[in-house]
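Asks: Data: target-v8.tsv, TSV, N, CA and C atoms.
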```tsv
chain	number	residue	atom	x	y	z
S	1	MET	N	13.04	10.23	-4.07
S	1	MET	CA	12.13	10.70	-3.04
S	1	MET	C	11.01	11.50	-3.71
S	2	ARG	N	9.80	11.28	-3.22
S	2	ARG	CA	8.64	11.98	-3.75
S	2	ARG	C	8.49	13.36	-3.10
S	3	LYS	N	7.93	14.29	-3.86
S	3	LYS	CA	7.56	15.59	-3.33
S	3	LYS	C	6.21	15.43	-2.65
S	4	VAL	N	6.00	16.06	-1.50
S	4	VAL	CA	4.72	16.00	-0.79
S	4	VAL	C	3.96	17.30	-1.05
S	5	ILE	N	2.74	17.13	-1.57
S	5	ILE	CA	1.86	18.27	-1.85
S	5	ILE	C	0.65	18.14	-0.93
S	6	VAL	N	0.41	19.17	-0.13
S	6	VAL	CA	-0.75	19.18	0.76
S	6	VAL	C	-1.84	19.99	0.05
S	7	ARG	N	-2.90	19.29	-0.32
S	7	ARG	CA	-3.99	19.90	-1.09
S	7	ARG	C	-4.81	20.86	-0.21
S	8	PRO	N	-5.53	21.79	-0.83
S	8	PRO	CA	-6.31	22.77	-0.05
S	8	PRO	C	-7.29	22.16	0.96
S	9	ASP	N	-7.95	21.07	0.60
S	9	ASP	CA	-8.87	20.43	1.56
S	9	ASP	C	-8.12	19.93	2.78
S	10	ALA	N	-6.93	19.37	2.58
S	10	ALA	CA	-6.14	18.89	3.71
S	10	ALA	C	-5.67	20.06	4.57
S	11	GLU	N	-5.29	21.16	3.95
S	11	GLU	CA	-4.90	22.36	4.72
S	11	GLU	C	-6.07	22.85	5.55
S	12	ALA	N	-7.27	22.84	4.97
S	12	ALA	CA	-8.46	23.26	5.71
S	12	ALA	C	-8.73	22.32	6.89
S	13	ASP	N	-8.52	21.01	6.66
S	13	ASP	CA	-8.69	20.04	7.74
S	13	ASP	C	-7.70	20.31	8.88
S	14	ILE	N	-6.46	20.63	8.53
S	14	ILE	CA	-5.43	20.91	9.54
S	14	ILE	C	-5.79	22.17	10.32
S	15	GLU	N	-6.27	23.19	9.62
S	15	GLU	CA	-6.70	24.42	10.29
S	15	GLU	C	-7.84	24.15	11.27
S	16	GLU	N	-8.79	23.32	10.85
S	16	GLU	CA	-9.91	22.96	11.72
S	16	GLU	C	-9.40	22.22	12.97
S	17	CYS	N	-8.46	21.32	12.75
S	17	CYS	CA	-7.85	20.58	13.86
S	17	CYS	C	-7.13	21.54	14.81
S	18	ALA	N	-6.38	22.48	14.26
S	18	ALA	CA	-5.65	23.45	15.09
S	18	ALA	C	-6.62	24.30	15.90
S	19	ASP	N	-7.68	24.78	15.25
S	19	ASP	CA	-8.66	25.61	15.97
S	19	ASP	C	-9.30	24.84	17.12
S	20	TYR	N	-9.67	23.59	16.87
S	20	TYR	CA	-10.28	22.78	17.92
S	20	TYR	C	-9.28	22.56	19.07
S	21	THR	N	-8.05	22.21	18.71
S	21	THR	CA	-7.03	21.93	19.73
S	21	THR	C	-6.72	23.18	20.55
S	22	ILE	N	-6.66	24.34	19.92
S	22	ILE	CA	-6.44	25.59	20.66
S	22	ILE	C	-7.57	25.79	21.67
S	23	GLY	N	-8.80	25.58	21.22
S	23	GLY	CA	-9.96	25.76	22.10
S	23	GLY	C	-9.98	24.81	23.28
S	24	GLN	N	-9.49	23.59	23.08
S	24	GLN	CA	-9.53	22.57	24.12
S	24	GLN	C	-8.29	22.58	25.02
S	25	TRP	N	-7.10	22.74	24.41
S	25	TRP	CA	-5.86	22.55	25.16
S	25	TRP	C	-4.84	23.68	25.02
S	26	GLY	N	-5.14	24.69	24.23
S	26	GLY	CA	-4.25	25.83	24.14
S	26	GLY	C	-3.34	25.83	22.92
S	27	HIS	N	-2.71	26.99	22.72
S	27	HIS	CA	-1.87	27.23	21.53
S	27	HIS	C	-0.65	26.31	21.46
S	28	GLU	N	0.01	26.12	22.57
S	28	GLU	CA	1.24	25.30	22.55
S	28	GLU	C	0.95	23.86	22.16
S	29	ARG	N	-0.08	23.30	22.73
S	29	ARG	CA	-0.46	21.92	22.39
S	29	ARG	C	-0.87	21.82	20.91
S	30	ALA	N	-1.59	22.80	20.42
S	30	ALA	CA	-2.00	22.83	19.01
S	30	ALA	C	-0.76	22.91	18.10
S	31	ARG	N	0.19	23.76	18.47
S	31	ARG	CA	1.41	23.90	17.67
S	31	ARG	C	2.16	22.58	17.59
S	32	ARG	N	2.29	21.89	18.72
S	32	ARG	CA	2.98	20.59	18.73
S	32	ARG	C	2.23	19.55	17.91
S	33	TYR	N	0.91	19.48	18.10
S	33	TYR	CA	0.13	18.45	17.41
S	33	TYR	C	0.14	18.67	15.89
S	34	VAL	N	-0.08	19.89	15.46
S	34	VAL	CA	-0.05	20.18	14.03
S	34	VAL	C	1.35	19.92	13.47
S	35	GLY	N	2.37	20.21	14.24
S	35	GLY	CA	3.74	19.90	13.82
S	35	GLY	C	3.94	18.40	13.61
S	36	GLU	N	3.36	17.59	14.50
S	36	GLU	CA	3.44	16.13	14.35
S	36	GLU	C	2.71	15.68	13.08
S	37	LEU	N	1.54	16.25	12.82
S	37	LEU	CA	0.81	15.92	11.59
S	37	LEU	C	1.64	16.26	10.36
S	38	ARG	N	2.24	17.44	10.36
S	38	ARG	CA	3.03	17.87	9.20
S	38	ARG	C	4.28	17.00	9.01
S	39	ARG	N	4.91	16.61	10.10
S	39	ARG	CA	6.08	15.72	9.99
S	39	ARG	C	5.67	14.37	9.42
S	40	ALA	N	4.51	13.86	9.85
S	40	ALA	CA	4.01	12.60	9.30
S	40	ALA	C	3.76	12.73	7.81
S	41	MET	N	3.19	13.85	7.39
S	41	MET	CA	2.94	14.06	5.96
S	41	MET	C	4.26	14.14	5.19
S	42	GLU	N	5.23	14.85	5.71
S	42	GLU	CA	6.53	14.95	5.04
S	42	GLU	C	7.21	13.58	4.96
S	43	GLY	N	7.01	12.75	5.96
S	43	GLY	CA	7.58	11.41	5.95
S	43	GLY	C	7.05	10.54	4.83
S	44	LEU	N	5.87	10.88	4.32
S	44	LEU	CA	5.30	10.11	3.21
S	44	LEU	C	6.17	10.20	1.95
S	45	ALA	N	7.06	11.17	1.89
S	45	ALA	CA	7.97	11.29	0.74
S	45	ALA	C	8.76	10.01	0.55
S	46	THR	N	9.05	9.31	1.64
S	46	THR	CA	9.83	8.07	1.55
S	46	THR	C	9.07	6.82	1.98
S	47	THR	N	7.92	7.00	2.64
S	47	THR	CA	7.20	5.82	3.18
S	47	THR	C	5.82	5.62	2.58
S	48	ALA	N	5.45	6.37	1.57
S	48	ALA	CA	4.07	6.39	1.06
S	48	ALA	C	3.52	5.02	0.69
S	49	LEU	N	4.34	4.15	0.13
S	49	LEU	CA	3.83	2.86	-0.33
S	49	LEU	C	3.75	1.80	0.76
S	50	ARG	N	4.14	2.14	1.96
S	50	ARG	CA	4.06	1.20	3.08
S	50	ARG	C	2.64	0.99	3.58
S	51	TYR	N	1.78	1.94	3.30
S	51	TYR	CA	0.43	1.91	3.86
S	51	TYR	C	-0.54	1.30	2.87
S	52	PRO	N	-1.59	0.62	3.37
S	52	PRO	CA	-2.48	-0.14	2.49
S	52	PRO	C	-3.32	0.73	1.56
S	53	LEU	N	-3.69	0.12	0.45
S	53	LEU	CA	-4.58	0.76	-0.51
S	53	LEU	C	-6.03	0.66	-0.04
S	54	TYR	N	-6.81	1.68	-0.34
S	54	TYR	CA	-8.25	1.69	-0.08
S	54	TYR	C	-8.96	1.93	-1.40
S	55	ASP	N	-8.69	1.04	-2.36
S	55	ASP	CA	-9.25	1.17	-3.70
S	55	ASP	C	-10.77	1.13	-3.72
S	56	ASP	N	-11.37	0.50	-2.71
S	56	ASP	CA	-12.83	0.44	-2.68
S	56	ASP	C	-13.43	1.82	-2.41
S	57	VAL	N	-12.65	2.72	-1.84
S	57	VAL	CA	-13.10	4.09	-1.60
S	57	VAL	C	-12.77	4.97	-2.80
S	58	HIS	N	-11.51	4.86	-3.27
S	58	HIS	CA	-11.04	5.64	-4.43
S	58	HIS	C	-9.77	4.96	-4.95
S	59	PRO	N	-9.63	4.79	-6.26
S	59	PRO	CA	-8.43	4.12	-6.79
S	59	PRO	C	-7.14	4.79	-6.33
S	60	GLY	N	-6.27	4.00	-5.72
S	60	GLY	CA	-4.97	4.49	-5.28
S	60	GLY	C	-4.96	5.18	-3.93
S	61	LEU	N	-6.11	5.32	-3.28
S	61	LEU	CA	-6.18	6.01	-1.99
S	61	LEU	C	-5.47	5.19	-0.92
S	62	ARG	N	-4.69	5.87	-0.10
S	62	ARG	CA	-4.01	5.26	1.05
S	62	ARG	C	-4.24	6.15	2.27
S	63	ARG	N	-3.94	5.59	3.45
S	63	ARG	CA	-4.01	6.41	4.66
S	63	ARG	C	-2.94	6.01	5.64
S	64	GLU	N	-2.52	7.00	6.40
S	64	GLU	CA	-1.58	6.78	7.50
S	64	GLU	C	-2.16	7.45	8.73
S	65	ARG	N	-2.01	6.81	9.88
S	65	ARG	CA	-2.48	7.41	11.12
S	65	ARG	C	-1.37	8.23	11.75
S	66	SER	N	-1.75	9.40	12.25
S	66	SER	CA	-0.84	10.26	13.02
S	66	SER	C	-1.65	10.80	14.19
S	67	GLY	N	-1.28	10.41	15.38
S	67	GLY	CA	-2.04	10.84	16.55
S	67	GLY	C	-3.47	10.36	16.45
S	68	LYS	N	-4.41	11.26	16.55
S	68	LYS	CA	-5.84	10.94	16.48
S	68	LYS	C	-6.42	11.23	15.10
S	69	HIS	N	-5.56	11.33	14.09
S	69	HIS	CA	-6.02	11.65	12.73
S	69	HIS	C	-5.51	10.64	11.72
S	70	GLN	N	-6.28	10.49	10.66
S	70	GLN	CA	-5.87	9.69	9.50
S	70	GLN	C	-5.52	10.68	8.38
S	71	ILE	N	-4.38	10.44	7.76
S	71	ILE	CA	-3.93	11.25	6.63
S	71	ILE	C	-4.25	10.45	5.37
S	72	TYR	N	-5.14	10.97	4.55
S	72	TYR	CA	-5.55	10.30	3.31
S	72	TYR	C	-4.77	10.91	2.15
S	73	TYR	N	-4.20	10.04	1.30
S	73	TYR	CA	-3.33	10.55	0.24
S	73	TYR	C	-3.28	9.62	-0.96
S	74	LEU	N	-2.75	10.14	-2.05
S	74	LEU	CA	-2.45	9.37	-3.25
S	74	LEU	C	-0.95	9.45	-3.47
S	75	ALA	N	-0.32	8.31	-3.77
S	75	ALA	CA	1.12	8.27	-4.03
S	75	ALA	C	1.36	8.06	-5.52
S	76	PHE	N	2.09	8.99	-6.12
S	76	PHE	CA	2.47	8.91	-7.52
S	76	PHE	C	3.98	8.64	-7.58
S	77	THR	N	4.50	8.37	-8.74
S	77	THR	CA	5.93	8.09	-8.88
S	77	THR	C	6.78	9.26	-8.38
S	78	ASP	N	6.35	10.48	-8.65
S	78	ASP	CA	7.15	11.66	-8.32
S	78	ASP	C	6.64	12.48	-7.15
S	79	ARG	N	5.44	12.15	-6.62
S	79	ARG	CA	4.86	12.98	-5.58
S	79	ARG	C	3.83	12.21	-4.76
S	80	VAL	N	3.51	12.79	-3.62
S	80	VAL	CA	2.41	12.33	-2.77
S	80	VAL	C	1.47	13.52	-2.63
S	81	GLU	N	0.19	13.30	-2.89
S	81	GLU	CA	-0.81	14.35	-2.71
S	81	GLU	C	-1.65	14.02	-1.49
S	82	VAL	N	-1.50	14.83	-0.44
S	82	VAL	CA	-2.30	14.66	0.77
S	82	VAL	C	-3.65	15.32	0.49
S	83	LEU	N	-4.70	14.53	0.59
S	83	LEU	CA	-6.03	14.98	0.18
S	83	LEU	C	-6.89	15.47	1.34
S	84	ASN	N	-6.89	14.73	2.43
S	84	ASN	CA	-7.68	15.08	3.61
S	84	ASN	C	-6.98	14.57	4.85
S	85	VAL	N	-7.28	15.22	5.98
S	85	VAL	CA	-6.80	14.80	7.30
S	85	VAL	C	-8.04	14.75	8.18
S	86	ILE	N	-8.41	13.55	8.61
S	86	ILE	CA	-9.70	13.34	9.28
S	86	ILE	C	-9.50	12.65	10.64
S	87	HIS	N	-10.18	13.17	11.66
S	87	HIS	CA	-10.12	12.57	12.99
S	87	HIS	C	-10.60	11.13	12.93
S	88	VAL	N	-9.96	10.25	13.71
S	88	VAL	CA	-10.27	8.83	13.66
S	88	VAL	C	-11.71	8.51	14.08
S	89	GLN	N	-12.34	9.37	14.85
S	89	GLN	CA	-13.72	9.10	15.27
S	89	GLN	C	-14.75	9.58	14.26
S	90	ARG	N	-14.30	10.25	13.21
S	90	ARG	CA	-15.22	10.71	12.17
S	90	ARG	C	-15.37	9.64	11.10
S	91	ASP	N	-16.52	9.62	10.49
S	91	ASP	CA	-16.79	8.69	9.40
S	91	ASP	C	-16.14	9.24	8.13
S	92	PRO	N	-15.09	8.55	7.61
S	92	PRO	CA	-14.43	9.08	6.42
S	92	PRO	C	-15.36	9.20	5.23
S	93	GLY	N	-16.38	8.35	5.16
S	93	GLY	CA	-17.34	8.44	4.07
S	93	GLY	C	-18.07	9.77	4.04
S	94	LEU	N	-18.22	10.38	5.20
S	94	LEU	CA	-18.89	11.68	5.28
S	94	LEU	C	-17.93	12.85	5.13
S	95	HIS	N	-16.64	12.61	5.37
S	95	HIS	CA	-15.69	13.72	5.42
S	95	HIS	C	-14.65	13.74	4.31
S	96	LEU	N	-14.45	12.62	3.61
S	96	LEU	CA	-13.54	12.65	2.47
S	96	LEU	C	-14.18	13.49	1.37
S	97	LYS	N	-13.42	14.37	0.79
S	97	LYS	CA	-13.95	15.31	-0.20
S	97	LYS	C	-13.49	14.92	-1.60
S	98	ALA	N	-13.85	13.70	-2.02
S	98	ALA	CA	-13.39	13.15	-3.29
S	98	ALA	C	-13.78	14.02	-4.49
S	99	GLU	N	-14.88	14.74	-4.39
S	99	GLU	CA	-15.29	15.57	-5.53
S	99	GLU	C	-14.28	16.67	-5.83
S	100	THR	N	-13.46	17.05	-4.87
S	100	THR	CA	-12.46	18.09	-5.12
S	100	THR	C	-11.12	17.53	-5.58
S	101	TRP	N	-11.01	16.20	-5.63
S	101	TRP	CA	-9.76	15.59	-6.07
S	101	TRP	C	-9.63	15.60	-7.58
S	102	ALA	N	-10.70	15.88	-8.28
S	102	ALA	CA	-10.72	15.77	-9.74
S	102	ALA	C	-9.78	16.76	-10.43
S	103	ASP	N	-9.36	17.82	-9.73
S	103	ASP	CA	-8.51	18.80	-10.39
S	103	ASP	C	-7.03	18.39	-10.44
S	104	ARG	N	-6.72	17.19	-9.95
S	104	ARG	CA	-5.33	16.72	-10.09
S	104	ARG	C	-5.11	16.31	-11.54
S	105	GLU	N	-3.88	16.06	-11.91
S	105	GLU	CA	-3.54	15.76	-13.31
S	105	GLU	C	-4.38	14.62	-13.85
S	106	GLU	N	-5.09	14.86	-14.92
S	106	GLU	CA	-5.93	13.84	-15.54
S	106	GLU	C	-5.07	12.77	-16.21
S	107	GLY	N	-5.53	11.56	-16.12
S	107	GLY	CA	-4.88	10.47	-16.83
S	107	GLY	C	-3.68	9.87	-16.13
S	108	ILE	N	-3.27	10.41	-15.00
S	108	ILE	CA	-2.12	9.86	-14.28
S	108	ILE	C	-2.64	9.11	-13.06
S	109	MET	N	-2.41	7.83	-13.05
S	109	MET	CA	-2.90	7.00	-11.95
S	109	MET	C	-1.88	6.97	-10.81
S	110	PRO	N	-2.36	6.85	-9.59
S	110	PRO	CA	-1.46	6.70	-8.46
S	110	PRO	C	-0.60	5.44	-8.60
S	111	ASP	N	0.56	5.47	-7.97
S	111	ASP	CA	1.47	4.34	-7.95
S	111	ASP	C	0.87	3.27	-7.04
S	112	GLN	N	0.60	2.09	-7.60
S	112	GLN	CA	-0.03	1.02	-6.82
S	112	GLN	C	1.00	0.20	-6.05
S	113	GLY	N	2.28	0.34	-6.37
S	113	GLY	CA	3.30	-0.46	-5.71
S	113	GLY	C	3.14	-1.93	-6.07
S	114	ASP	N	3.90	-2.78	-5.45
S	114	ASP	CA	3.71	-4.21	-5.69
S	114	ASP	C	2.66	-4.72	-4.70
S	115	GLN	N	2.45	-6.00	-4.64
S	115	GLN	CA	1.36	-6.54	-3.83
S	115	GLN	C	1.51	-6.25	-2.35
S	116	ILE	N	2.73	-6.09	-1.86
S	116	ILE	CA	2.89	-5.79	-0.45
S	116	ILE	C	3.22	-4.33	-0.21
S	117	GLY	N	3.17	-3.52	-1.25
S	117	GLY	CA	3.32	-2.07	-1.09
S	117	GLY	C	4.73	-1.59	-0.83
S	118	LEU	N	5.74	-2.30	-1.32
S	118	LEU	CA	7.12	-1.90	-1.03
S	118	LEU	C	7.89	-1.39	-2.24
S	119	ARG	N	7.33	-1.44	-3.43
S	119	ARG	CA	8.05	-0.98	-4.60
S	119	ARG	C	8.24	0.54	-4.52
S	120	HIS	N	9.44	1.02	-4.81
S	120	HIS	CA	9.70	2.47	-4.77
S	120	HIS	C	10.10	2.97	-6.12
```
Show me this structure written as structure tokens.

Replies:
Amino acid sequence: MRKVIVRPDAEADIEECADYTIGQWGHERARRYVGELRRAMEGLATTALRYPLYDDVHPGLRRERSGKHQIYYLAFTDRVEVLNVIHVQRDPGLHLKAETWADREEGIMPDQGDQIGLRH
């Protein structure tokens, strides 16, 4: 099983989501929704390679949808790094913060899985 690491940009995205949800629907709804996002991220420990690659955006980038958000991440042999969490109506090209991903371990490429994404 992979360890799930939520990067600072993704934490900031979750905080932004929580603040918006509190403003629109209240604290309880925000608590539940953020909890669902976090459970989806933790689930990537065992399901990370099920989701398609978006190599045209960034080598090894994958995404999973949770509620109204996309969870963008890289899957390595020993870990999953959650990079950003972006609302589905937002343009990921404008909101993915790829320039901050460079501080991850140099020289280690994400796990590409096999052609159908099932290798563990």

Asks: Among stretch 25-111 of chain S, which ones does DSSP place in helix (DSSP H, G or I), written as a PDB file with N, CA and C atoms, in the frame of the given file?

Replies:
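Output (out.pdb):
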```pdb
ATOM      1  N   TRP S  25      -7.100  22.740  24.410  1.00  0.00           N
ATOM      2  CA  TRP S  25      -5.860  22.550  25.160  1.00  0.00           C
ATOM      3  C   TRP S  25      -4.840  23.680  25.020  1.00  0.00           C
ATOM      4  N   HIS S  27      -2.710  26.990  22.720  1.00  0.00           N
ATOM      5  CA  HIS S  27      -1.870  27.230  21.530  1.00  0.00           C
ATOM      6  C   HIS S  27      -0.650  26.310  21.460  1.00  0.00           C
ATOM      7  N   GLU S  28       0.010  26.120  22.570  1.00  0.00           N
ATOM      8  CA  GLU S  28       1.240  25.300  22.550  1.00  0.00           C
ATOM      9  C   GLU S  28       0.950  23.860  22.160  1.00  0.00           C
ATOM     10  N   ARG S  29      -0.080  23.300  22.730  1.00  0.00           N
ATOM     11  CA  ARG S  29      -0.460  21.920  22.390  1.00  0.00           C
ATOM     12  C   ARG S  29      -0.870  21.820  20.910  1.00  0.00           C
ATOM     13  N   ALA S  30      -1.590  22.800  20.420  1.00  0.00           N
ATOM     14  CA  ALA S  30      -2.000  22.830  19.010  1.00  0.00           C
ATOM     15  C   ALA S  30      -0.760  22.910  18.100  1.00  0.00           C
ATOM     16  N   ARG S  31       0.190  23.760  18.470  1.00  0.00           N
ATOM     17  CA  ARG S  31       1.410  23.900  17.670  1.00  0.00           C
ATOM     18  C   ARG S  31       2.160  22.580  17.590  1.00  0.00           C
ATOM     19  N   ARG S  32       2.290  21.890  18.720  1.00  0.00           N
ATOM     20  CA  ARG S  32       2.980  20.590  18.730  1.00  0.00           C
ATOM     21  C   ARG S  32       2.230  19.550  17.910  1.00  0.00           C
ATOM     22  N   TYR S  33       0.910  19.480  18.100  1.00  0.00           N
ATOM     23  CA  TYR S  33       0.130  18.450  17.410  1.00  0.00           C
ATOM     24  C   TYR S  33       0.140  18.670  15.890  1.00  0.00           C
ATOM     25  N   VAL S  34      -0.080  19.890  15.460  1.00  0.00           N
ATOM     26  CA  VAL S  34      -0.050  20.180  14.030  1.00  0.00           C
ATOM     27  C   VAL S  34       1.350  19.920  13.470  1.00  0.00           C
ATOM     28  N   GLY S  35       2.370  20.210  14.240  1.00  0.00           N
ATOM     29  CA  GLY S  35       3.740  19.900  13.820  1.00  0.00           C
ATOM     30  C   GLY S  35       3.940  18.400  13.610  1.00  0.00           C
ATOM     31  N   GLU S  36       3.360  17.590  14.500  1.00  0.00           N
ATOM     32  CA  GLU S  36       3.440  16.130  14.350  1.00  0.00           C
ATOM     33  C   GLU S  36       2.710  15.680  13.080  1.00  0.00           C
ATOM     34  N   LEU S  37       1.540  16.250  12.820  1.00  0.00           N
ATOM     35  CA  LEU S  37       0.810  15.920  11.590  1.00  0.00           C
ATOM     36  C   LEU S  37       1.640  16.260  10.360  1.00  0.00           C
ATOM     37  N   ARG S  38       2.240  17.440  10.360  1.00  0.00           N
ATOM     38  CA  ARG S  38       3.030  17.870   9.200  1.00  0.00           C
ATOM     39  C   ARG S  38       4.280  17.000   9.010  1.00  0.00           C
ATOM     40  N   ARG S  39       4.910  16.610  10.100  1.00  0.00           N
ATOM     41  CA  ARG S  39       6.080  15.720   9.990  1.00  0.00           C
ATOM     42  C   ARG S  39       5.670  14.370   9.420  1.00  0.00           C
ATOM     43  N   ALA S  40       4.510  13.860   9.850  1.00  0.00           N
ATOM     44  CA  ALA S  40       4.010  12.600   9.300  1.00  0.00           C
ATOM     45  C   ALA S  40       3.760  12.730   7.810  1.00  0.00           C
ATOM     46  N   MET S  41       3.190  13.850   7.390  1.00  0.00           N
ATOM     47  CA  MET S  41       2.940  14.060   5.960  1.00  0.00           C
ATOM     48  C   MET S  41       4.260  14.140   5.190  1.00  0.00           C
ATOM     49  N   GLU S  42       5.230  14.850   5.710  1.00  0.00           N
ATOM     50  CA  GLU S  42       6.530  14.950   5.040  1.00  0.00           C
ATOM     51  C   GLU S  42       7.210  13.580   4.960  1.00  0.00           C
ATOM     52  N   GLY S  43       7.010  12.750   5.960  1.00  0.00           N
ATOM     53  CA  GLY S  43       7.580  11.410   5.950  1.00  0.00           C
ATOM     54  C   GLY S  43       7.050  10.540   4.830  1.00  0.00           C
ATOM     55  N   LEU S  44       5.870  10.880   4.320  1.00  0.00           N
ATOM     56  CA  LEU S  44       5.300  10.110   3.210  1.00  0.00           C
ATOM     57  C   LEU S  44       6.170  10.200   1.950  1.00  0.00           C
ATOM     58  N   ALA S  45       7.060  11.170   1.890  1.00  0.00           N
ATOM     59  CA  ALA S  45       7.970  11.290   0.740  1.00  0.00           C
ATOM     60  C   ALA S  45       8.760  10.010   0.550  1.00  0.00           C
ATOM     61  N   THR S  46       9.050   9.310   1.640  1.00  0.00           N
ATOM     62  CA  THR S  46       9.830   8.070   1.550  1.00  0.00           C
ATOM     63  C   THR S  46       9.070   6.820   1.980  1.00  0.00           C
ATOM     64  N   THR S  47       7.920   7.000   2.640  1.00  0.00           N
ATOM     65  CA  THR S  47       7.200   5.820   3.180  1.00  0.00           C
ATOM     66  C   THR S  47       5.820   5.620   2.580  1.00  0.00           C
ATOM     67  N   ALA S  48       5.450   6.370   1.570  1.00  0.00           N
ATOM     68  CA  ALA S  48       4.070   6.390   1.060  1.00  0.00           C
ATOM     69  C   ALA S  48       3.520   5.020   0.690  1.00  0.00           C
ATOM     70  N   LEU S  49       4.340   4.150   0.130  1.00  0.00           N
ATOM     71  CA  LEU S  49       3.830   2.860  -0.330  1.00  0.00           C
ATOM     72  C   LEU S  49       3.750   1.800   0.760  1.00  0.00           C
ATOM     73  N   ARG S  50       4.140   2.140   1.960  1.00  0.00           N
ATOM     74  CA  ARG S  50       4.060   1.200   3.080  1.00  0.00           C
ATOM     75  C   ARG S  50       2.640   0.990   3.580  1.00  0.00           C
ATOM     76  N   PRO S  92     -15.090   8.550   7.610  1.00  0.00           N
ATOM     77  CA  PRO S  92     -14.430   9.080   6.420  1.00  0.00           C
ATOM     78  C   PRO S  92     -15.360   9.200   5.230  1.00  0.00           C
ATOM     79  N   GLY S  93     -16.380   8.350   5.160  1.00  0.00           N
ATOM     80  CA  GLY S  93     -17.340   8.440   4.070  1.00  0.00           C
ATOM     81  C   GLY S  93     -18.070   9.770   4.040  1.00  0.00           C
ATOM     82  N   LEU S  94     -18.220  10.380   5.200  1.00  0.00           N
ATOM     83  CA  LEU S  94     -18.890  11.680   5.280  1.00  0.00           C
ATOM     84  C   LEU S  94     -17.930  12.850   5.130  1.00  0.00           C
ATOM     85  N   HIS S  95     -16.640  12.610   5.370  1.00  0.00           N
ATOM     86  CA  HIS S  95     -15.690  13.720   5.420  1.00  0.00           C
ATOM     87  C   HIS S  95     -14.650  13.740   4.310  1.00  0.00           C
ATOM     88  N   ALA S  98     -13.850  13.700  -2.020  1.00  0.00           N
ATOM     89  CA  ALA S  98     -13.390  13.150  -3.290  1.00  0.00           C
ATOM     90  C   ALA S  98     -13.780  14.020  -4.490  1.00  0.00           C
ATOM     91  N   GLU S  99     -14.880  14.740  -4.390  1.00  0.00           N
ATOM     92  CA  GLU S  99     -15.290  15.570  -5.530  1.00  0.00           C
ATOM     93  C   GLU S  99     -14.280  16.670  -5.830  1.00  0.00           C
ATOM     94  N   THR S 100     -13.460  17.050  -4.870  1.00  0.00           N
ATOM     95  CA  THR S 100     -12.460  18.090  -5.120  1.00  0.00           C
ATOM     96  C   THR S 100     -11.120  17.530  -5.580  1.00  0.00           C
ATOM     97  N   TRP S 101     -11.010  16.200  -5.630  1.00  0.00           N
ATOM     98  CA  TRP S 101      -9.760  15.590  -6.070  1.00  0.00           C
ATOM     99  C   TRP S 101      -9.630  15.600  -7.580  1.00  0.00           C
ATOM    100  N   ALA S 102     -10.700  15.880  -8.280  1.00  0.00           N
ATOM    101  CA  ALA S 102     -10.720  15.770  -9.740  1.00  0.00           C
ATOM    102  C   ALA S 102      -9.780  16.760 -10.430  1.00  0.00           C
ATOM    103  N   ASP S 103      -9.360  17.820  -9.730  1.00  0.00           N
ATOM    104  CA  ASP S 103      -8.510  18.800 -10.390  1.00  0.00           C
ATOM    105  C   ASP S 103      -7.030  18.390 -10.440  1.00  0.00           C
TER     106      ASP S 103
END
```

Asks: What does the distance between atom CA of S:Ala30 and atom N of S:Arg2 come to in Å, to one decimal place?

Replies: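 Atom-to-atom, atom CA of S:Ala30 and atom N of S:Arg2 are spaced 27.7 Å apart.
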
Asks: Can you tell me, as a PyMOL selection string, which residues sit within 6 Å of (-4.8, 8.1, -4.2) in the file's frame, using all atoms listed in the file?

Replies: chain S and resi 58-62+73-75+110

Asks: Record the distance separating atom CA of S:Arg38 and atom N of S:His95, expressed in Å with one decimal.

Replies: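 Pair atom CA of S:Arg38 / atom N of S:His95 returns 20.7 Å.
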
Asks: Name the residues of stretch 7-102 of chain S that fall into strand (DSSP E or B) according to DSSP on the backbone, using the chain letters and numbers of this document, as number ranges by chain.

Replies: S: 53, 61-66, 69-75, 79-87

Asks: Identify, on the basis of all atoms listed in the file, every residue whose closest approach to S:Gly67 does not exceed 8 Å; exclude the query and any residue fewer than 3 positions from it along the same chain; express the result as number ranges by chain.

Replies: S: 33, 36-37, 64, 70, 87-88

Asks: For S:Ala12, list every protein, DNA or RNA residue within 8 Å, evaluated using only N, CA and C atoms, and leave out those in the same chain fewer than 6 positions away; present the list as an NGL selection string.

Replies: :S and (6 or 18 or 84-85)

Asks: Any idea what the distance is between atom C of S:Asp13 and atom N of S:Leu94?

Replies: 14.9 Å

Asks: If you count only N, CA and C atoms, which residues fall within 6.5 Å of S:Arg79, apart from same-chain ones fewer than 6 positions away, as a ChimeraX atom specification?

Replies: /S:1-5

Asks: For S:Tyr72, which residue out of S:Asp55, S:Ile22, S:Leu96, S:His27 is the nearest one, using only C-alpha atoms?

Replies: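 Smallest separation from S:Tyr72 among the options: S:Leu96.
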
Asks: Please list as a PyMOL selection string every residue within 10 Å of S:Thr21, counting only C-alpha atoms and excluding residues in the same chain fewer than 4 positions away.

Replies: chain S and resi 15-17+25-31+33-34

Asks: In the coordinate frame of the file, compute which residues have an atom within 9 Å of (3.9, 11.1, 5.2) when using only C-alpha atoms, and state them as a ChimeraX atom specification.

Replies: /S:4,37-48,64,71,73,80,82
